[in-house]
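J.: So that we are looking at the same thing, I have put the structure below in C-alpha cells.
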Amino acid sequence: MSAATSTATEPVVRAVNVHKRFGALTVLRGIDLTVQPGQVTCLVGPSGSGKTTFLRCINHLEQVSAGRLYVDGTLVGYAERNGKLHELHPREAAKQRRHIGMVFQHFNLFPHMTVLGNIIRAPLTVRKMPKDEAIEKARALLRQVGLADKESAYPAQLSGGQQQRIAIARALAMDPKLMLFDEPTSALDPELVGEVLDVMRELARGGMTMVVVTHEMGFAREVGDELVFMDEGVVVESGDPREVLANPQQQRTKAFLSKVL
Amino acid sequence: MSPTELSRHKPDAAAESRRDSPDYIKAIPLRHPGEWASAAVLVALLVLFLIGAATNDAYDWRTYGQYLFDKRVSQAAMITLLLTALSMLFAVILGGLLAVMRLSRNRVLKSVSWAFLWFFRGTPVYVQLVFWGLLAVIYKQVDIGIPYYHQFAHIQTGTFFTAFWLAVIGLSLNEAAYMAEIVRAGISSVNEGQYEAAKALGMSWGETMRQIVLPQAMRVIIPPTGNELISMLKTTSLVTAVPYSFELYSRTRDLSSETFNPIPMLLIACTWYLFFTSVLMVAQFYLERHFARGASRTMSARQLRALAAAKMESASDRGAR
C-alpha cells in the first residue's frame with residue numbers, strides 16, 4: 001500500500017487532523033502538517049502547547065487518539081483493514097521506528113556502555129550488522145560530530161554538549177530517513193548549545209529530513225525551511241521562518257515571539 | 001577581586017612562580033581522643049574474653065582441633081555449599097521471571113506472580129520445608145496425562161524426589177519470592193528515558209530488557225542479592241526439617257553424639273559458615289565494583305593521572321607555539 005501511493009512528492013511526514021488525549025486532558029486538537037524530504041521543520045511555541053507530544057506521536061512513543069499520521073506513506077501505530085484500525089503488535093511498531101531517529105532533551109544515553117557501545121548497540125541488535133562494520137560506521141559518525149577521541153569514555157564523563165552529540169551519532173547509526181529532535185539544547189549550559197547546533201546544521205545541509213522542537217529562534221531562522229508555531233494543541237501559524245519571525249500574522253504568535261526574541 | 005580586575009593586574013615573575021608551585025596546605029589533623037579511648041577499652045575486653053575462652057574447659061579446644069577438618073565435617077561443608085549454590089541459582093532464575101511477570105502488562109502473569117509471592121513470602125520457610133518433606137505422604141504418585149482419562153506416565157514421589165532435592169526445591173521456591181522483589185526494585189530503578197531511547201532505536205521489549213535495563217538494574221540488584229546468598233548459606237541449616245541431615249549444621253550436631261560435647265562441634269560449624277560468608281563478601285565487593293561502571297563521574301586514580309598527563313601535554317603544546 002505504501003509502495004502504491006509513494007510518489008516523488010510523497011511527504012516524509014503527513015499529519016491529518018491529529019488529536020491526542022491523555023485521559024480527560026486533550027493535548028493535541030487537530031494538527032495538519034506535512035514535511036517534505038530534505039526539509040527542516042521547526043516546531044516552536046509555549047510550554048504545554050503540545051510540540052513534544054506531537055513529535056512523540058511521529059515515532060509512536062505516543063499513540064494518536066484521532067486523525068491519521070503517516071511516515072513515508074505508512075500509517076503510524078495502526079494497521080487499517082476493512083476501514084477498521086487495529087493496534088499494531090509491538091514488534092511491528094518497533095519495525096516502523098527503526099527508520100526514525102530521535103534525540104531527547106535529556107540525551108538518554110546508556111550509562112553502562114561506552115560511547116562506542118552506545119552507538120553500535122542498535123545496529124548490532126536491530127539491524128544484525130556485523131560488528132566490525134558497526135564499529136567502523138560508529139567511528140565515522142564520531143568524526144562527523146567531532147568526538148573521535150571519546151569512543152571509550154562513559155557518558156557520565158562527558159559534558160552535556162558532548163553527550164548530546166553522541167546521542168545524535170547514536171540515532172544516525174540506524175541510517176534514519178527522518179530525525180526528530182526534542183528540545184535538544186534545552187538541558188545544556190549556554191556555552192555548549194553552539195556545538196550541538198553546529199552538528200544539526202551540518203546534518204540539515206547534508207539533506208537530512210528533520211523535525212525539531214526548539215526554543216532556538218536563531219537556529220530556526222537560519223536552518224529551518226518551515227516554522228510551525230503551536231499553541232494549546234493547534235497550529236496557529238506556519239510558514240517560512242524568516243517571514244514568520246519578522247512578520248507574525250497572528251496575535252498569539254506575536255505575543256510569544258515578543259517574549260523569546 | 002573580580003576576574004576582570006585580575007586580568008588588568010599585570011602578573012610579575014614572583015606571582016607567576018607562586019601560581020605554578022603554591023604552598024599546599026599541611027594542616028594538623030583533628031584529634032579524636034574518644035575514638036582511641038573506646039578502642040582501648042574494647043581491646044582490653046576482647047583480650048579478657050579470649051583468655052577466658054582459652055582456659056574454659058567447656059569449649060574443649062582439643063576436640064575442636066581434632067574435628068575441624070574431619071572428613072565428615074568438610075564433606076558436610078561442601079554439601080552446604082552445593083545446597084546454597086543450587087537453591088540460589090534456581091531462586092535467581094525463578095525470581096527474575098516472577099519480577100518480569102509482575103511488571104508485564106499481561107494480567108494473568110501479573111496475578112500468578114502476585115499469588116506466588118503472597119504464599120511463599122507469607123509462610124515460614126521452616127514450615128514450607130516440613131511440607132516438602134511430607135510431599136510423598138500428600139501426593140504418593142504424580143500422573144502425567146489427561147486428567148481422569150488417560151495417563152502417560154506415573155512418578156512415584158517418594159523415590160523420585162530424594163530428600164536433597166526436596167530441600168533444594170523448598171529453599172529455591174521460598175527464596176524466589178524474595179529475589180522477585182529485589183529484581184523488581186532493580187528494574188523499577190532504571191530511568192524511563194532509557195526505555196524510550198531503546199524503543200526509539202527500534203529495539204524490542206526483550207532486547208531492551210536484556211541489553212539496556214537489566215545491566216543497569218544489576219547495580220541495584222547485586223548488593224541485596226549478596227545478602228540473600230549469605231542468608232541462604234545459613235538458612236540451609238533448616239533443611240533438617242525435610243528431614244535432610246548431611247549438611248554442615250545437622251552433621252556437626254550428629255557428630256556431637258560421638259564427642260559427648262556439642263559446644264566444640266557448634267564452634268566448628270560457625271567457623272565454616274564464617275569462612276564461606278567471608279569469601280562471599282569479597283566476591284560481592286568485586287561484583288559491585290564491576291556493575292558500577294559508568295555510574296559515577298568520579299574517576300579512578302588511573303583515569304585522573306591520564307587526564308593530568310593530557311592537560312600537561314596540551315599546555316606544553318600551547319607554550320611551544
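Please note that chains go A, B, ... in the order of the C-alpha cells, that every chain numbers its residues from 1, and that ligands are numbered from 1 in the order shown.
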Please find the residues of chain B near chain A - the criterion being any atom within 12 Å, counting only C-alpha atoms - and write them as a ChimeraX atom specification.

T.: /B:190-208,210-219,290-300,303-304,307

J.: Excluding region 23-36 of chain A and residues on its chain fewer than 2 positions from it, collect all residues at most 10 Å away from it, counting only C-alpha atoms, and give them as a PyMOL selection string.

T.: chain A and resi 9-21+38-41+48-51+53-54+64-72+178+209-211+225-226+228+230-236+238

J.: Run DSSP on the backbone of this structure and report the residues of region 56-205 of chain B it assigns to strand (DSSP E or B), as a PyMOL selection string.

T.: chain B and resi 141-146+150-156

J.: Save out the residues we just selected, all heavy atoms, as a compact mmCIF listing (two decimals), in the first residue's frame.

T.:
```txt
# COMPACT_ATOMS: atom_id res chain seq x y z
N GLN B 141 1.76 -40.33 44.23
CA GLN B 141 2.10 -40.57 42.83
C GLN B 141 1.61 -39.38 42.02
O GLN B 141 0.52 -38.87 42.23
CB GLN B 141 1.40 -41.85 42.39
CG GLN B 141 1.47 -42.16 40.94
CD GLN B 141 0.87 -43.53 40.65
OE1 GLN B 141 1.19 -44.52 41.30
NE2 GLN B 141 -0.01 -43.58 39.69
N VAL B 142 2.45 -38.91 41.11
CA VAL B 142 2.03 -37.84 40.21
C VAL B 142 1.81 -38.44 38.83
O VAL B 142 2.68 -39.14 38.30
CB VAL B 142 3.10 -36.73 40.14
CG1 VAL B 142 2.72 -35.69 39.10
CG2 VAL B 142 3.26 -36.07 41.50
N ASP B 143 0.62 -38.24 38.29
CA ASP B 143 0.30 -38.78 36.98
C ASP B 143 0.39 -37.68 35.94
O ASP B 143 -0.08 -36.56 36.15
CB ASP B 143 -1.14 -39.34 36.96
CG ASP B 143 -1.29 -40.48 37.94
OD1 ASP B 143 -0.30 -41.22 38.15
OD2 ASP B 143 -2.39 -40.62 38.51
N ILE B 144 0.98 -38.02 34.81
CA ILE B 144 1.06 -37.05 33.72
C ILE B 144 0.18 -37.56 32.58
O ILE B 144 0.35 -38.68 32.12
CB ILE B 144 2.51 -36.86 33.25
CG1 ILE B 144 3.33 -36.29 34.42
CG2 ILE B 144 2.58 -35.93 32.05
CD1 ILE B 144 4.81 -36.28 34.19
N GLY B 145 -0.77 -36.77 32.14
CA GLY B 145 -1.65 -37.19 31.07
C GLY B 145 -2.91 -36.37 31.07
O GLY B 145 -2.92 -35.22 31.53
N ILE B 146 -3.99 -36.91 30.56
CA ILE B 146 -5.27 -36.21 30.53
C ILE B 146 -6.03 -36.59 31.80
O ILE B 146 -6.29 -37.77 32.03
CB ILE B 146 -6.08 -36.59 29.28
CG1 ILE B 146 -5.25 -36.27 28.01
CG2 ILE B 146 -7.42 -35.86 29.24
CD1 ILE B 146 -5.66 -37.10 26.82
N HIS B 150 -6.65 -40.63 30.59
CA HIS B 150 -5.55 -41.49 30.21
C HIS B 150 -4.25 -40.89 30.74
O HIS B 150 -3.98 -39.71 30.57
CB HIS B 150 -5.49 -41.61 28.70
CG HIS B 150 -4.34 -42.46 28.23
ND1 HIS B 150 -4.34 -43.83 28.36
CD2 HIS B 150 -3.15 -42.14 27.66
CE1 HIS B 150 -3.21 -44.32 27.89
NE2 HIS B 150 -2.47 -43.31 27.46
N GLN B 151 -3.41 -41.71 31.38
CA GLN B 151 -2.15 -41.24 31.93
C GLN B 151 -0.99 -41.84 31.15
O GLN B 151 -0.99 -43.03 30.87
CB GLN B 151 -2.03 -41.63 33.42
CG GLN B 151 -3.27 -41.38 34.25
CD GLN B 151 -3.75 -39.94 34.16
OE1 GLN B 151 -2.96 -39.01 34.08
NE2 GLN B 151 -5.07 -39.75 34.19
N PHE B 152 -0.02 -40.97 30.79
CA PHE B 152 1.13 -41.48 30.04
C PHE B 152 2.23 -41.97 30.98
O PHE B 152 2.94 -42.90 30.68
CB PHE B 152 1.71 -40.37 29.16
CG PHE B 152 0.69 -39.74 28.27
CD1 PHE B 152 0.31 -38.41 28.46
CD2 PHE B 152 0.09 -40.48 27.26
CE1 PHE B 152 -0.64 -37.83 27.64
CE2 PHE B 152 -0.86 -39.91 26.44
CZ PHE B 152 -1.23 -38.58 26.62
N ALA B 153 2.39 -41.27 32.11
CA ALA B 153 3.50 -41.62 33.00
C ALA B 153 3.08 -41.44 34.44
O ALA B 153 2.19 -40.64 34.76
CB ALA B 153 4.69 -40.73 32.68
N HIS B 154 3.70 -42.22 35.31
CA HIS B 154 3.43 -42.11 36.74
C HIS B 154 4.76 -41.88 37.44
O HIS B 154 5.73 -42.58 37.18
CB HIS B 154 2.80 -43.39 37.27
CG HIS B 154 1.65 -43.86 36.45
ND1 HIS B 154 0.40 -43.31 36.56
CD2 HIS B 154 1.58 -44.82 35.49
CE1 HIS B 154 -0.41 -43.92 35.69
NE2 HIS B 154 0.29 -44.84 35.03
N ILE B 155 4.81 -40.86 38.30
CA ILE B 155 6.03 -40.61 39.07
C ILE B 155 5.76 -40.94 40.53
O ILE B 155 4.84 -40.38 41.14
CB ILE B 155 6.48 -39.14 38.93
CG1 ILE B 155 6.88 -38.86 37.48
CG2 ILE B 155 7.63 -38.83 39.86
CD1 ILE B 155 7.04 -37.40 37.16
N GLN B 156 6.52 -41.89 41.06
CA GLN B 156 6.41 -42.21 42.48
C GLN B 156 7.18 -41.14 43.24
O GLN B 156 8.42 -41.12 43.20
CB GLN B 156 6.99 -43.60 42.78
CG GLN B 156 6.30 -44.72 42.01
CD GLN B 156 4.82 -44.82 42.33
OE1 GLN B 156 4.42 -44.62 43.47
NE2 GLN B 156 3.99 -45.10 41.33
```

J.: For Asp198 (chain A), please output as a list in words all residues within 12 Å (counting only C-alpha atoms; exclusion window: fewer than 2 positions along the same chain).

T.: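 Close residues of Asp198 (chain A): Gln144, Val145, Gly146, Gly161, Gln164, Arg165, Ile168, Thr185, Leu192, Val193, Gly194, Glu195, Val196, Met200, Arg201, Glu202, Leu203, Ala204, Arg205, Phe219, Glu222 and Val223 of chain A.
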
J.: For CA of Leu261 (chain A) and CA of Leu245 (chain A), quote the distance in Å rounded to one decimal.

T.: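 Going from CA of Leu261 (chain A) over to CA of Leu245 (chain A) covers 8.9 Å.
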
J.: Can you check which residues of region 50-218 of chain A DSSP gives as helix (DSSP H, G or I) on the backbone and send them as a PyMOL selection string?

T.: chain A and resi 51-58+90-97+115-125+131-144+148-150+155-157+160-172+190-205+217-218

J.: Which residues come within 12 Å of Phe229 (chain A), counting only C-alpha atoms, excluding same-chain residues fewer than 5 positions away, as JSON, numbers by chain?

T.: {"A": [31, 33, 41, 42, 43, 44, 45, 46, 47, 49, 50, 51, 212, 213, 214, 215, 217, 220, 234, 235, 236, 237, 238, 239, 240, 241, 244, 245, 248, 249, 250, 251, 252, 253, 254, 255, 256, 257]}

J.: Give me a file of those residues, with C-alpha atoms, as a tab-separated table (two decimals), in the first residue's frame.

T.:
```tsv
chain	number	residue	atom	x	y	z
A	31	ILE	CA	-2.74	19.05	13.78
A	33	LEU	CA	1.24	19.23	8.84
A	41	THR	CA	10.65	21.84	10.18
A	42	CYS	CA	10.98	23.70	13.46
A	43	LEU	CA	8.16	23.41	15.98
A	44	VAL	CA	8.02	26.32	18.38
A	45	GLY	CA	5.54	27.50	20.97
A	46	PRO	CA	4.99	27.96	24.68
A	47	SER	CA	5.46	25.01	27.01
A	49	SER	CA	1.44	23.67	23.59
A	50	GLY	CA	1.81	20.03	22.50
A	51	LYS	CA	5.01	20.30	20.41
A	212	VAL	CA	12.99	19.99	15.55
A	213	VAL	CA	11.18	21.14	18.68
A	214	THR	CA	13.25	24.11	19.78
A	215	HIS	CA	13.44	27.44	21.51
A	217	MET	CA	14.87	31.05	17.11
A	220	ALA	CA	15.06	28.14	13.16
A	234	VAL	CA	-3.24	23.60	17.40
A	235	VAL	CA	-1.01	25.04	14.69
A	236	VAL	CA	-1.55	28.78	14.99
A	237	GLU	CA	0.71	29.85	12.16
A	238	SER	CA	3.32	28.33	9.90
A	239	GLY	CA	5.49	29.35	7.03
A	240	ASP	CA	8.98	30.45	6.05
A	241	PRO	CA	10.82	31.02	9.35
A	244	VAL	CA	7.03	34.33	10.41
A	245	LEU	CA	9.70	35.61	12.79
A	248	PRO	CA	3.95	37.23	12.50
A	249	GLN	CA	0.31	37.40	11.39
A	250	GLN	CA	-1.43	36.01	14.47
A	251	GLN	CA	-1.80	37.76	17.80
A	252	ARG	CA	-0.68	34.69	19.77
A	253	THR	CA	2.46	34.32	17.63
A	254	LYS	CA	3.28	37.97	18.17
A	255	ALA	CA	2.80	37.66	21.92
A	256	PHE	CA	5.02	34.56	22.12
A	257	LEU	CA	7.78	35.94	19.92
```

J.: How many Å lie between CA of Met88 (chain B) and CA of Ser172 (chain B), rounded to one decimal?

T.: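 These two atoms are separated by 6.3 Å.
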
J.: Take CA of Arg253 (chain B) and CA of Val125 (chain B) and report the distance between them in Å, one decimal.

T.: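 These two atoms are separated by 20.8 Å.
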
J.: Can you tell me which residues surround region 279-281 of chain B at a distance of at most 12 Å, considering only C-alpha atoms, apart from same-chain residues fewer than 6 positions away, and format the answer as a ChimeraX atom specification?

T.: /B:81,84-85,222-233,272-273,287-288

J.: Deliver the residues from the most recent selection as a file, using all heavy atoms, as a short mmCIF file (atom, residue, chain, number, x, y, z; two decimals), in the first residue's frame.

T.:
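File written: part02.cif
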```
data_model
loop_
_atom_site.label_atom_id
_atom_site.label_comp_id
_atom_site.auth_asym_id
_atom_site.auth_seq_id
_atom_site.Cartn_x
_atom_site.Cartn_y
_atom_site.Cartn_z
N LEU B 81 27.49 -25.96 50.71
CA LEU B 81 27.79 -25.07 49.58
C LEU B 81 26.94 -25.44 48.36
O LEU B 81 26.39 -24.57 47.69
CB LEU B 81 29.27 -25.18 49.19
CG LEU B 81 30.26 -24.31 49.93
CD1 LEU B 81 31.61 -24.35 49.23
CD2 LEU B 81 29.77 -22.87 50.00
N THR B 84 23.38 -24.42 48.83
CA THR B 84 23.28 -22.97 48.69
C THR B 84 23.32 -22.57 47.22
O THR B 84 22.47 -21.81 46.75
CB THR B 84 24.45 -22.27 49.41
OG1 THR B 84 24.51 -22.78 50.74
CG2 THR B 84 24.28 -20.78 49.44
N ALA B 85 24.31 -23.11 46.50
CA ALA B 85 24.51 -22.71 45.10
C ALA B 85 23.30 -23.10 44.25
O ALA B 85 22.78 -22.27 43.50
CB ALA B 85 25.78 -23.35 44.55
N ILE B 222 22.47 -6.35 42.80
CA ILE B 222 23.59 -7.14 43.35
C ILE B 222 23.75 -7.04 44.86
O ILE B 222 23.82 -8.07 45.54
CB ILE B 222 24.92 -6.76 42.64
CG1 ILE B 222 24.84 -7.17 41.19
CG2 ILE B 222 26.11 -7.39 43.36
CD1 ILE B 222 25.46 -8.46 40.80
N PRO B 223 23.79 -5.83 45.45
CA PRO B 223 24.05 -5.81 46.90
C PRO B 223 23.03 -6.61 47.72
O PRO B 223 23.44 -7.46 48.52
CB PRO B 223 24.04 -4.32 47.24
CG PRO B 223 24.32 -3.63 45.96
CD PRO B 223 23.73 -4.48 44.89
N PRO B 224 21.71 -6.43 47.53
CA PRO B 224 20.79 -7.24 48.32
C PRO B 224 20.85 -8.73 47.96
O PRO B 224 20.59 -9.58 48.82
CB PRO B 224 19.41 -6.67 48.00
CG PRO B 224 19.57 -5.86 46.79
CD PRO B 224 20.99 -5.43 46.73
N THR B 225 21.22 -9.05 46.71
CA THR B 225 21.34 -10.46 46.34
C THR B 225 22.51 -11.10 47.08
O THR B 225 22.43 -12.27 47.50
CB THR B 225 21.52 -10.62 44.81
OG1 THR B 225 20.41 -10.00 44.17
CG2 THR B 225 21.57 -12.07 44.40
N GLY B 226 23.58 -10.33 47.25
CA GLY B 226 24.70 -10.82 48.05
C GLY B 226 24.23 -11.15 49.46
O GLY B 226 24.58 -12.19 50.02
N ASN B 227 23.43 -10.26 50.02
CA ASN B 227 22.88 -10.52 51.36
C ASN B 227 22.04 -11.78 51.36
O ASN B 227 22.12 -12.59 52.28
CB ASN B 227 22.01 -9.36 51.81
CG ASN B 227 22.83 -8.15 52.16
OD1 ASN B 227 24.02 -8.27 52.43
ND2 ASN B 227 22.21 -6.99 52.15
N GLU B 228 21.23 -11.94 50.32
CA GLU B 228 20.36 -13.12 50.23
C GLU B 228 21.18 -14.40 50.12
O GLU B 228 20.83 -15.42 50.71
CB GLU B 228 19.43 -13.02 49.01
CG GLU B 228 18.36 -11.95 49.14
CD GLU B 228 17.41 -12.20 50.30
OE1 GLU B 228 16.90 -13.32 50.42
OE2 GLU B 228 17.21 -11.26 51.09
N LEU B 229 22.29 -14.32 49.39
CA LEU B 229 23.15 -15.50 49.22
C LEU B 229 23.74 -15.91 50.57
O LEU B 229 23.74 -17.09 50.95
CB LEU B 229 24.26 -15.19 48.22
CG LEU B 229 25.23 -16.32 47.88
CD1 LEU B 229 24.49 -17.52 47.31
CD2 LEU B 229 26.28 -15.86 46.88
N ILE B 230 24.24 -14.91 51.30
CA ILE B 230 24.81 -15.18 52.62
C ILE B 230 23.72 -15.73 53.55
O ILE B 230 23.93 -16.68 54.30
CB ILE B 230 25.46 -13.90 53.19
CG1 ILE B 230 26.75 -13.61 52.42
CG2 ILE B 230 25.71 -14.02 54.67
CD1 ILE B 230 27.33 -12.24 52.67
N SER B 231 22.54 -15.14 53.44
CA SER B 231 21.42 -15.60 54.25
C SER B 231 21.04 -17.03 53.87
O SER B 231 20.75 -17.86 54.75
CB SER B 231 20.25 -14.64 54.03
OG SER B 231 19.07 -15.21 54.46
N MET B 232 21.08 -17.34 52.58
CA MET B 232 20.75 -18.69 52.10
C MET B 232 21.73 -19.72 52.67
O MET B 232 21.34 -20.81 53.10
CB MET B 232 20.78 -18.71 50.57
CG MET B 232 20.61 -20.07 49.95
SD MET B 232 19.00 -20.79 50.27
CE MET B 232 18.07 -20.11 48.91
N LEU B 233 23.01 -19.34 52.69
CA LEU B 233 24.04 -20.24 53.22
C LEU B 233 23.67 -20.69 54.63
O LEU B 233 23.82 -21.85 55.01
CB LEU B 233 25.39 -19.52 53.22
CG LEU B 233 26.59 -20.37 53.61
CD1 LEU B 233 27.07 -21.15 52.41
CD2 LEU B 233 27.70 -19.52 54.17
N TRP B 272 33.20 -22.76 59.84
CA TRP B 272 33.00 -23.00 58.42
C TRP B 272 32.03 -21.99 57.81
O TRP B 272 32.29 -21.44 56.73
CB TRP B 272 32.46 -24.42 58.19
CG TRP B 272 33.55 -25.46 58.21
CD1 TRP B 272 33.94 -26.22 59.28
CD2 TRP B 272 34.41 -25.83 57.13
NE1 TRP B 272 34.97 -27.06 58.93
CE2 TRP B 272 35.28 -26.83 57.60
CE3 TRP B 272 34.53 -25.41 55.80
CZ2 TRP B 272 36.25 -27.43 56.80
CZ3 TRP B 272 35.50 -26.01 55.00
CH2 TRP B 272 36.34 -27.01 55.50
N TYR B 273 30.93 -21.72 58.50
CA TYR B 273 29.98 -20.72 57.98
C TYR B 273 30.67 -19.37 57.79
O TYR B 273 30.49 -18.70 56.77
CB TYR B 273 28.78 -20.57 58.92
CG TYR B 273 27.75 -21.69 58.81
CD1 TYR B 273 27.40 -22.44 59.92
CD2 TYR B 273 27.12 -21.97 57.60
CE1 TYR B 273 26.46 -23.46 59.85
CE2 TYR B 273 26.18 -22.97 57.50
CZ TYR B 273 25.84 -23.73 58.62
OH TYR B 273 24.92 -24.72 58.52
N LEU B 287 32.13 -7.73 42.49
CA LEU B 287 30.95 -7.74 41.61
C LEU B 287 30.29 -6.35 41.59
O LEU B 287 29.92 -5.83 40.54
CB LEU B 287 29.96 -8.78 42.14
CG LEU B 287 29.18 -9.56 41.11
CD1 LEU B 287 30.14 -10.29 40.18
CD2 LEU B 287 28.27 -10.57 41.80
N GLU B 288 30.17 -5.74 42.77
CA GLU B 288 29.55 -4.42 42.86
C GLU B 288 30.36 -3.40 42.08
O GLU B 288 29.83 -2.54 41.41
CB GLU B 288 29.42 -3.98 44.32
CG GLU B 288 28.21 -4.56 44.99
CD GLU B 288 28.12 -4.15 46.45
OE1 GLU B 288 28.55 -3.03 46.79
OE2 GLU B 288 27.63 -4.97 47.23
#
```
